[in-house]
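The next block is work_37.cif, given as mmCIF, C-alpha atoms and all ligand atoms.
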data_run
#
loop_
_atom_site.label_atom_id
_atom_site.label_comp_id
_atom_site.auth_asym_id
_atom_site.auth_seq_id
_atom_site.Cartn_x
_atom_site.Cartn_y
_atom_site.Cartn_z
CA MET U 150 66.34 88.98 114.78
CA GLN U 151 70.15 88.93 114.86
CA SER U 152 71.71 92.07 113.35
CA LYS U 153 73.77 91.47 110.27
CA ILE U 154 77.51 92.14 110.21
CA VAL U 155 78.82 93.21 106.81
CA ILE U 156 82.40 92.23 105.94
CA LEU U 157 84.07 94.49 103.39
CA GLY U 158 87.22 93.14 101.74
CA THR U 159 90.06 95.35 100.59
CA GLY U 160 93.01 92.89 100.39
CA GLY U 161 96.15 92.93 102.53
CA THR U 162 98.24 90.13 103.98
CA ILE U 163 95.13 88.65 105.56
CA ALA U 164 94.12 87.83 101.98
CA GLY U 165 97.69 87.06 100.88
CA THR U 166 99.17 83.82 99.60
CA ALA U 167 102.73 82.44 99.55
CA ALA U 168 104.22 79.57 97.56
CA ASN U 169 105.46 77.91 100.78
CA PRO U 170 103.48 77.54 104.02
CA HIS U 171 106.61 78.30 106.06
CA ASP U 172 107.23 81.58 104.24
CA ASN U 173 105.81 84.55 106.17
CA VAL U 174 107.69 87.18 104.19
CA ALA U 175 107.78 86.40 100.45
CA TYR U 176 104.06 86.40 99.67
CA THR U 177 101.61 88.36 97.58
CA ALA U 178 99.01 90.39 99.46
CA GLY U 179 95.39 90.67 98.32
CA GLN U 180 94.89 87.33 96.55
CA ARG U 181 91.92 85.67 98.27
CA SER U 182 88.36 86.95 98.26
CA VAL U 183 86.70 88.09 101.45
CA ALA U 184 84.15 85.29 100.98
CA ASP U 185 87.06 82.81 101.00
CA LEU U 186 88.46 84.31 104.20
CA LEU U 187 85.10 83.91 105.92
CA ALA U 188 84.79 80.32 104.74
CA ALA U 189 88.10 79.56 106.47
CA VAL U 190 86.58 80.36 109.88
CA PRO U 191 84.02 77.64 110.72
CA ALA U 192 83.09 79.39 113.98
CA LEU U 193 81.50 82.19 111.91
CA ALA U 194 79.19 79.80 110.08
CA GLY U 195 76.09 80.30 112.23
CA LEU U 196 76.21 84.11 112.18
CA SER U 197 74.34 86.51 109.95
CA LEU U 198 77.13 87.84 107.75
CA GLU U 199 77.26 89.46 104.34
CA ALA U 200 80.45 89.92 102.32
CA GLU U 201 81.39 92.52 99.73
CA GLN U 202 84.72 92.83 97.91
CA VAL U 203 85.39 96.56 97.71
CA ALA U 204 89.02 96.30 96.56
CA GLN U 205 91.83 93.78 96.33
CA LEU U 206 95.18 95.44 96.98
CA ASP U 207 98.35 95.56 99.00
CA SER U 208 97.62 98.47 101.32
CA LYS U 209 100.95 100.12 100.50
CA ASP U 210 99.14 100.99 97.27
CA MET U 211 96.06 102.44 98.96
CA ASP U 212 94.74 105.37 96.92
CA PHE U 213 92.07 108.04 97.00
CA ALA U 214 89.74 106.16 94.61
CA THR U 215 89.72 103.12 96.92
CA TRP U 216 89.19 105.31 99.98
CA GLN U 217 86.26 106.98 98.27
CA ARG U 218 84.70 103.64 97.22
CA LEU U 219 85.26 102.13 100.68
CA ALA U 220 83.79 105.11 102.54
CA GLN U 221 80.74 105.20 100.28
CA SER U 222 80.14 101.47 100.61
CA LEU U 223 80.59 101.70 104.37
CA GLY U 224 78.17 104.62 104.60
CA ARG U 225 75.56 102.67 102.61
CA HIS U 226 75.79 99.60 104.85
CA LEU U 227 75.82 101.56 108.10
CA ALA U 228 72.60 103.28 107.03
CA ARG U 229 70.80 99.91 106.76
CA SER U 230 68.55 99.12 109.72
CA ASP U 231 69.33 95.39 109.48
CA VAL U 232 73.10 95.97 109.81
CA GLY U 233 74.59 96.08 113.32
CA GLY U 234 78.20 96.70 112.33
CA VAL U 235 80.85 96.40 109.67
CA VAL U 236 84.21 94.62 109.59
CA ILE U 237 86.81 95.71 107.01
CA THR U 238 89.68 93.40 106.04
CA HIS U 239 92.73 95.57 105.25
CA GLY U 240 96.51 95.44 104.98
CA THR U 241 98.40 96.53 108.08
CA ASP U 242 100.74 98.94 106.29
CA THR U 243 98.35 101.88 105.85
CA LEU U 244 95.53 100.65 108.06
CA GLU U 245 95.93 103.50 110.55
CA GLU U 246 95.42 106.06 107.77
CA THR U 247 92.22 104.40 106.55
CA ALA U 248 90.97 104.02 110.12
CA TRP U 249 91.45 107.72 110.84
CA LEU U 250 89.86 108.80 107.55
CA LEU U 251 86.75 106.69 108.21
CA GLN U 252 86.45 107.81 111.83
CA ARG U 253 86.69 111.49 110.90
CA VAL U 254 84.32 111.27 107.94
CA LEU U 255 81.69 108.95 109.44
CA ALA U 256 82.24 108.91 113.24
CA PRO U 257 79.80 105.99 113.12
CA SER U 258 77.28 105.25 115.83
CA LYS U 259 77.67 101.57 114.89
CA PRO U 260 80.95 99.64 115.15
CA VAL U 261 83.38 99.56 112.25
CA VAL U 262 86.22 97.13 112.93
CA LEU U 263 89.29 97.08 110.70
CA VAL U 264 91.06 93.74 110.80
CA ALA U 265 94.33 92.55 109.33
CA ALA U 266 96.99 89.88 109.63
CA MET U 267 100.76 89.74 109.67
CA ARG U 268 101.01 86.32 108.04
CA PRO U 269 99.50 85.31 104.70
CA SER U 270 96.45 83.07 104.62
CA THR U 271 98.61 80.13 103.48
CA ALA U 272 100.96 80.29 106.50
CA LEU U 273 101.52 77.32 108.78
CA ALA U 274 100.00 79.29 111.64
CA ALA U 275 98.07 82.06 109.90
CA ASP U 276 96.81 84.77 112.26
CA GLY U 277 94.07 86.06 109.94
CA PRO U 278 91.28 83.59 110.84
CA GLN U 279 91.54 84.28 114.60
CA ASN U 280 91.77 88.03 113.99
CA LEU U 281 88.67 87.88 111.78
CA LEU U 282 86.77 85.91 114.41
CA ASP U 283 87.82 88.48 117.04
CA ALA U 284 86.81 91.39 114.78
CA VAL U 285 83.31 89.99 114.34
CA ALA U 286 83.07 89.54 118.12
CA VAL U 287 84.00 93.21 118.59
CA ALA U 288 81.46 94.29 115.96
CA ARG U 289 78.78 92.33 117.87
CA ALA U 290 79.76 93.63 121.32
CA PRO U 291 76.89 95.44 123.08
CA GLY U 292 77.17 99.22 122.73
CA ALA U 293 80.06 99.05 120.26
CA ARG U 294 80.52 102.15 118.11
CA GLY U 295 83.14 104.07 116.19
CA VAL U 296 86.10 102.91 114.12
CA VAL U 297 88.43 100.48 115.88
CA VAL U 298 91.12 98.00 114.88
CA ALA U 299 91.40 94.35 115.93
CA LEU U 300 94.73 92.53 115.72
CA ALA U 301 96.41 89.85 117.83
CA GLY U 302 93.68 89.91 120.46
CA ARG U 303 94.00 93.64 121.04
CA VAL U 304 91.57 96.38 120.06
CA HIS U 305 92.76 99.90 119.24
CA ALA U 306 90.83 103.13 118.73
CA ALA U 307 91.23 104.73 115.28
CA GLY U 308 92.86 107.84 116.70
CA ASP U 309 95.52 106.01 118.69
CA VAL U 310 96.52 103.05 116.56
CA ARG U 311 100.02 102.98 115.04
CA LYS U 312 101.86 100.23 113.24
CA VAL U 313 104.98 99.96 115.39
CA ARG U 314 106.41 96.59 114.33
CA PRO U 315 107.06 95.38 110.80
CA TYR U 316 106.98 91.63 111.48
CA ARG U 317 105.59 90.60 114.86
CA LEU U 318 101.99 89.42 115.06
CA ASP U 319 101.11 92.24 117.48
CA ALA U 320 102.19 94.91 115.00
CA PHE U 321 99.99 97.68 116.38
CA ASP U 322 100.13 99.80 119.49
CA SER U 323 98.00 102.55 121.00
CA GLY U 324 100.82 104.50 122.65
CA ASP U 325 100.14 106.37 125.87
CA ALA U 326 96.37 105.93 125.50
CA GLY U 327 96.63 102.15 125.77
CA VAL U 328 94.47 99.64 123.99
CA LEU U 329 90.70 100.04 123.99
CA GLY U 330 90.31 96.43 125.03
CA VAL U 331 91.28 92.83 124.49
CA VAL U 332 89.33 89.95 122.99
CA GLU U 333 89.37 86.76 125.03
CA GLU U 334 87.56 83.66 123.75
CA GLY U 335 85.12 85.76 121.78
CA HIS U 336 84.46 88.31 124.51
CA LEU U 337 85.63 91.90 124.51
CA ARG U 338 87.10 93.13 127.79
CA ARG U 339 87.01 96.87 127.35
CA PHE U 340 89.17 99.40 129.23
CA ARG U 341 88.21 102.65 127.55
CA ASP U 342 85.34 104.42 125.81
CA TRP U 343 84.52 103.81 122.18
CA PRO U 344 85.76 106.43 119.69
CA ALA U 345 83.31 109.29 119.27
CA GLY U 346 83.17 112.60 117.45
CA VAL U 347 81.26 114.75 115.04
CA PRO U 348 81.32 113.29 111.51
CA LEU U 349 82.64 115.53 108.76
CA GLY U 350 80.22 113.79 106.41
CA LEU U 351 80.55 111.56 103.37
CA ALA U 352 79.79 114.45 101.01
CA LEU U 353 83.36 115.63 101.65
CA LEU U 354 84.69 112.65 99.70
CA GLU U 355 82.43 113.08 96.67
CA GLY U 356 83.70 114.17 93.29
CA ASP U 357 86.74 113.48 91.19
CA VAL U 358 89.56 112.12 93.37
CA ALA U 359 92.10 113.44 90.88
CA ARG U 360 91.16 116.88 92.19
CA TRP U 361 91.61 116.03 95.89
CA PRO U 362 94.27 118.17 97.57
CA TRP U 363 97.87 117.00 97.40
CA VAL U 364 99.44 116.84 100.86
CA GLU U 365 103.00 115.63 101.42
CA ILE U 366 105.06 114.78 104.50
CA VAL U 367 108.59 116.13 104.90
CA THR U 368 110.91 115.09 107.71
CA SER U 369 113.37 117.19 109.65
CA HIS U 370 116.71 115.47 110.30
CA ALA U 371 120.43 116.11 110.50
CA GLY U 372 121.57 117.82 107.32
CA ALA U 373 118.00 118.58 106.20
CA ARG U 374 117.69 120.89 103.19
CA GLY U 375 114.85 123.03 101.92
CA ASP U 376 115.15 121.91 98.29
CA ALA U 377 112.51 119.18 98.50
CA VAL U 378 109.99 121.62 99.98
CA ARG U 379 110.74 124.21 97.28
CA ALA U 380 110.36 121.54 94.59
CA LEU U 381 107.04 120.41 96.07
CA CYS U 382 105.75 123.98 96.18
CA ALA U 383 106.86 124.57 92.59
CA ALA U 384 105.04 121.37 91.59
CA GLY U 385 101.79 122.62 93.13
CA VAL U 386 101.54 120.85 96.49
CA HIS U 387 98.49 122.03 98.48
CA GLY U 388 99.65 121.28 102.02
CA LEU U 389 102.66 120.05 103.97
CA VAL U 390 103.09 118.10 107.18
CA VAL U 391 106.51 118.35 108.78
CA ALA U 392 107.58 115.41 110.92
CA ALA U 393 109.68 117.49 113.28
CA THR U 394 112.43 116.38 115.61
CA GLY U 395 111.60 115.98 119.30
CA ASN U 396 109.13 118.52 120.64
CA GLY U 397 108.54 120.09 117.23
CA THR U 398 111.93 121.50 116.28
CA VAL U 399 112.86 121.86 112.61
CA HIS U 400 116.31 122.17 110.99
CA GLN U 401 116.94 125.82 110.14
CA SER U 402 117.48 125.08 106.41
CA LEU U 403 114.20 123.20 106.17
CA GLN U 404 112.43 125.84 108.27
CA ALA U 405 113.47 128.58 105.82
CA ALA U 406 111.77 126.72 102.96
CA LEU U 407 108.69 125.98 105.09
CA ASP U 408 108.42 129.71 105.92
CA GLU U 409 108.41 130.41 102.18
CA ALA U 410 105.62 127.84 101.75
CA VAL U 411 103.53 129.51 104.46
CA ALA U 412 104.16 132.90 102.83
CA ALA U 413 102.79 131.38 99.61
CA ALA U 414 99.59 130.37 101.50
CA ILE U 415 100.47 126.66 101.63
CA PRO U 416 99.47 125.31 105.05
CA VAL U 417 102.27 123.65 107.02
CA TRP U 418 101.33 121.45 109.96
CA ARG U 419 103.88 120.28 112.51
CA CYS U 420 103.93 117.00 114.40
CA THR U 421 106.68 114.99 116.02
CA ARG U 422 108.63 112.26 114.30
CA CYS U 423 108.92 110.55 117.73
CA ALA U 424 107.04 107.26 117.79
CA GLY U 425 105.08 108.23 120.91
CA GLY U 426 103.92 111.26 122.85
CA VAL U 427 102.60 114.65 121.74
CA LEU U 428 104.02 118.12 121.14
CA VAL U 429 103.90 120.15 124.33
CA GLY U 430 103.81 123.94 124.58
CA THR U 431 101.84 126.88 123.30
CA ASP U 432 101.08 127.30 119.61
CA VAL U 433 101.79 123.65 118.78
CA GLY U 434 99.09 123.57 116.11
CA PRO U 435 96.34 121.11 115.11
CA ALA U 436 98.62 118.09 114.56
CA ALA U 437 100.36 118.19 117.95
CA ALA U 438 98.97 114.81 119.01
CA MET U 439 99.02 113.14 115.60
CA SER U 440 101.44 110.89 113.79
CA PRO U 441 102.70 112.34 110.49
CA TRP U 442 100.43 109.96 108.55
CA GLN U 443 97.38 110.79 110.61
CA ALA U 444 98.16 114.51 110.27
CA ARG U 445 98.38 114.13 106.52
CA VAL U 446 94.87 112.61 106.42
CA GLU U 447 93.58 115.35 108.71
CA LEU U 448 95.07 118.11 106.57
CA LEU U 449 93.65 116.49 103.44
CA LEU U 450 90.17 116.49 105.02
CA THR U 451 90.63 120.07 106.25
CA LEU U 452 91.51 121.23 102.75
CA LEU U 453 88.58 119.32 101.26
CA ALA U 454 86.27 120.94 103.84
CA ALA U 455 87.66 124.37 103.04
CA ARG U 456 86.94 123.84 99.34
CA ALA U 457 83.40 122.64 100.11
CA GLY U 458 82.97 125.49 102.42
C1 LIG Q 1 99.44 95.29 103.26
O1 LIG Q 1 99.50 96.26 104.02
O2 LIG Q 1 98.53 95.15 102.41
C2 LIG Q 1 100.50 94.24 103.30
C3 LIG Q 1 101.10 94.07 104.64
C4 LIG Q 1 100.14 93.59 105.69
O3 LIG Q 1 98.93 93.49 105.51
O4 LIG Q 1 100.65 93.27 106.79
#
Any chance you could give the structure as structure tokens?
Ligand code: SIN
Amino acid sequence: MQSKIVILGTGGTIAGTAANPHDNVAYTAGQRSVADLLAAVPALAGLSLEAEQVAQLDSKDMDFATWQRLAQSLGRHLARSDVGGVVITHGTDTLEETAWLLQRVLAPSKPVVLVAAMRPSTALAADGPQNLLDAVAVARAPGARGVVVALAGRVHAAGDVRKVRPYRLDAFDSGDAGVLGVVEEGHLRRFRDWPAGVPLGLALLEGDVARWPWVEIVTSHAGARGDAVRALCAAGVHGLVVAATGNGTVHQSLQAALDEAVAAAIPVWRCTRCAGGVLVGTDVGPAAAMSPWQARVELLLTLLAARAG
């Protein structure tokens, strides 16, 4: 019997609508149901698919409650013996954060493919239907596992994917690692291993999300000041990620405030604000190879684990 692929809908441009078919910018994300999106792809008709609407939002508004609901729903479906993989429709704007959260929490032995679009579903040449078809192909690929992203014919691993372009159809990149593979006429040509790792476990995300740790990102730049960091600490922030210049350098005024935060037992993680590459040297810390947004998710999970601990 053919394994079922579950499609979880969360909104995004892939489910967006615009008043004019030629308008790829002024549209509202998260308008069409995931069932509707599937119905728009006739080539999916013969497959064993099941759809569930988990959320309906513009991913700029992604929040902890939606992450919790999505992770729990995903965990439930992955545990089913009749399910071979899961596809998640999502906005591109915070997709890399969700992808990393799900990979770290579940590190699934089945494929989880996040899929998005850069044009609304009403566009003259909408990219969503092809991306969705490709995502299902990736979820059905033999041996597929882990959290990956499918967009514009390219497949990215959760740990590498970054949104690097605000408008072009190929909005994502995998930096130095390169893409995991490409989808050509329904077939995945894979260049690298699937994402793997030890799952932190869904239990980490249980409980009241209002009590999840508060982690903020601060950026070092010309003329940086420590006031924002001091205000955050006074307001009760639980952790800070500093998007540092170059190979991890921080403006002296900002550094002074960050030193005060560390002295007050608030963890401060450093990563580079450069779009690519990693921090090089000794004592670079746990976020050396992460983007600021990925590091923020990782620090959030680390603080949750410490509380559970
Ligand atoms: C969103 O992130 O929900 C809107 C933008 C997009 O999907 O490209």
Item to check | Shell of 7 Å around ligand LIG 1 (chain Q) (all atoms listed in the file), written as a PyMOL selection string | outcome: chain U and resi 160-163+178-179+206-209+239-243+265-267
Next on the checklist: I need every residue sitting at most 12 Å from the point (78.5, 99.9, 106.1) (coordinates as in the file, all atoms listed in the file considered), written as JSON, numbers by chain.
Outcome noted: {"U": [153, 154, 155, 156, 157, 158, 199, 200, 201, 203, 218, 219, 220, 221, 222, 223, 224, 225, 226, 227, 228, 229, 230, 231, 232, 233, 234, 235, 236, 237, 251, 255, 257, 258, 259, 260, 261, 262, 288, 295, 296]}
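Using only C-alpha atoms, the nearest neighbour of U:Gly302 within the list U:Val264, U:Ala326, U:Leu186, U:Leu448 is U:Val264.
From atom CA of U:Asp342 back to atom CA of U:Pro441, the distance works out to 24.5 Å.
Using all atoms listed in the file, the smallest distance between any of U:Glu333, U:Glu447, U:Asp319, U:Asp212 and U:Pro435 comes from U:Glu447.
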Item to check | Surrounding residues of U:Gln404 excluding itself and chain neighbours under 2 positions, 10 Å, all atoms listed in the file, as a ChimeraX atom specification | outcome: /U:369,373-375,378,391,398-402,406-410
Go ahead and write the selection's residues with C-alpha atoms as a CSV table (one decimal), keeping the file's coordinate frame.
chain,number,residue,atom,x,y,z
U,369,SER,CA,113.4,117.2,109.6
U,373,ALA,CA,118.0,118.6,106.2
U,374,ARG,CA,117.7,120.9,103.2
U,375,GLY,CA,114.8,123.0,101.9
U,378,VAL,CA,110.0,121.6,100.0
U,391,VAL,CA,106.5,118.4,108.8
U,398,THR,CA,111.9,121.5,116.3
U,399,VAL,CA,112.9,121.9,112.6
U,400,HIS,CA,116.3,122.2,111.0
U,401,GLN,CA,116.9,125.8,110.1
U,402,SER,CA,117.5,125.1,106.4
U,406,ALA,CA,111.8,126.7,103.0
U,407,LEU,CA,108.7,126.0,105.1
U,408,ASP,CA,108.4,129.7,105.9
U,409,GLU,CA,108.4,130.4,102.2
U,410,ALA,CA,105.6,127.8,101.8
Checklist outcome for this item: Among U:Leu244, U:Ala412, U:Val429, U:Ala377, U:Gly397 is approached most closely, using all atoms listed in the file, by U:Val429
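Closest to U:Leu329 among U:Tyr316, U:Trp343, U:Phe213, U:Trp249 is U:Trp343, based on only C-alpha atoms.
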Checklist entry - Which protein, DNA or RNA residues have an atom at most 6 Å from (97.7, 119.7, 96.7), counting only C-alpha atoms? List them as a PyMOL selection string. => result chain U and resi 362-364+386-388
Item to check | Residues within 10 Å of U:Arg445, only C-alpha atoms, excluding chain neighbours under 5 positions, as a VMD selection string | outcome: chain U and resid 246 363 to 366 388 to 391 418 436 439 to 440 450 to 451
Checklist outcome for this item: Between atom CA of U:Val332 and atom CA of U:Ala192 lies a distance of 15.2 Å
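Of note, atom CA of U:Leu428 and atom CA of U:Ala307 are spaced 19.4 Å apart.
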Checklist entry - U:Leu193, U:Ala272, U:Val304, U:Ala393: which is nearest U:Val174, counting only C-alpha atoms? => result U:Ala272
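Considering all atoms listed in the file, the residue among U:Ala293, U:Leu196, U:Met211, U:Ala167 positioned nearest to U:Leu337 is U:Ala293.
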So that I can see what lies close to U:Arg303, please list as an mmCIF file with C-alpha atoms, in the frame of the given file the residues with an atom at most 7 Å from it, counting all atoms listed in the file and leaving out residues fewer than 5 positions away in the same chain.
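Printed below is selection-v8.cif as written:
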data_model
loop_
_atom_site.group_PDB
_atom_site.id
_atom_site.type_symbol
_atom_site.label_atom_id
_atom_site.label_comp_id
_atom_site.auth_asym_id
_atom_site.auth_seq_id
_atom_site.Cartn_x
_atom_site.Cartn_y
_atom_site.Cartn_z
ATOM 1 C CA VAL U 328 94.470 99.640 123.990
ATOM 2 C CA GLY U 330 90.310 96.430 125.030
ATOM 3 C CA VAL U 331 91.280 92.830 124.490
ATOM 4 C CA VAL U 332 89.330 89.950 122.990
#
Next on the checklist: Neighbouring residues of U:Pro278 were defined as those with any atom within 8 Å, considering all atoms listed in the file; residues of the same chain fewer than 6 positions away were excluded. Please report them as an MDAnalysis selection string.
Outcome noted: chainID U and resid 186:187 189:190
Next on the checklist: Please list as a ChimeraX atom specification every residue within 12 Å of U:Ala424, counting only C-alpha atoms and excluding residues in the same chain fewer than 2 positions away.
Outcome noted: /U:309-314,321-325,392-396,420-422,426-428,438-442
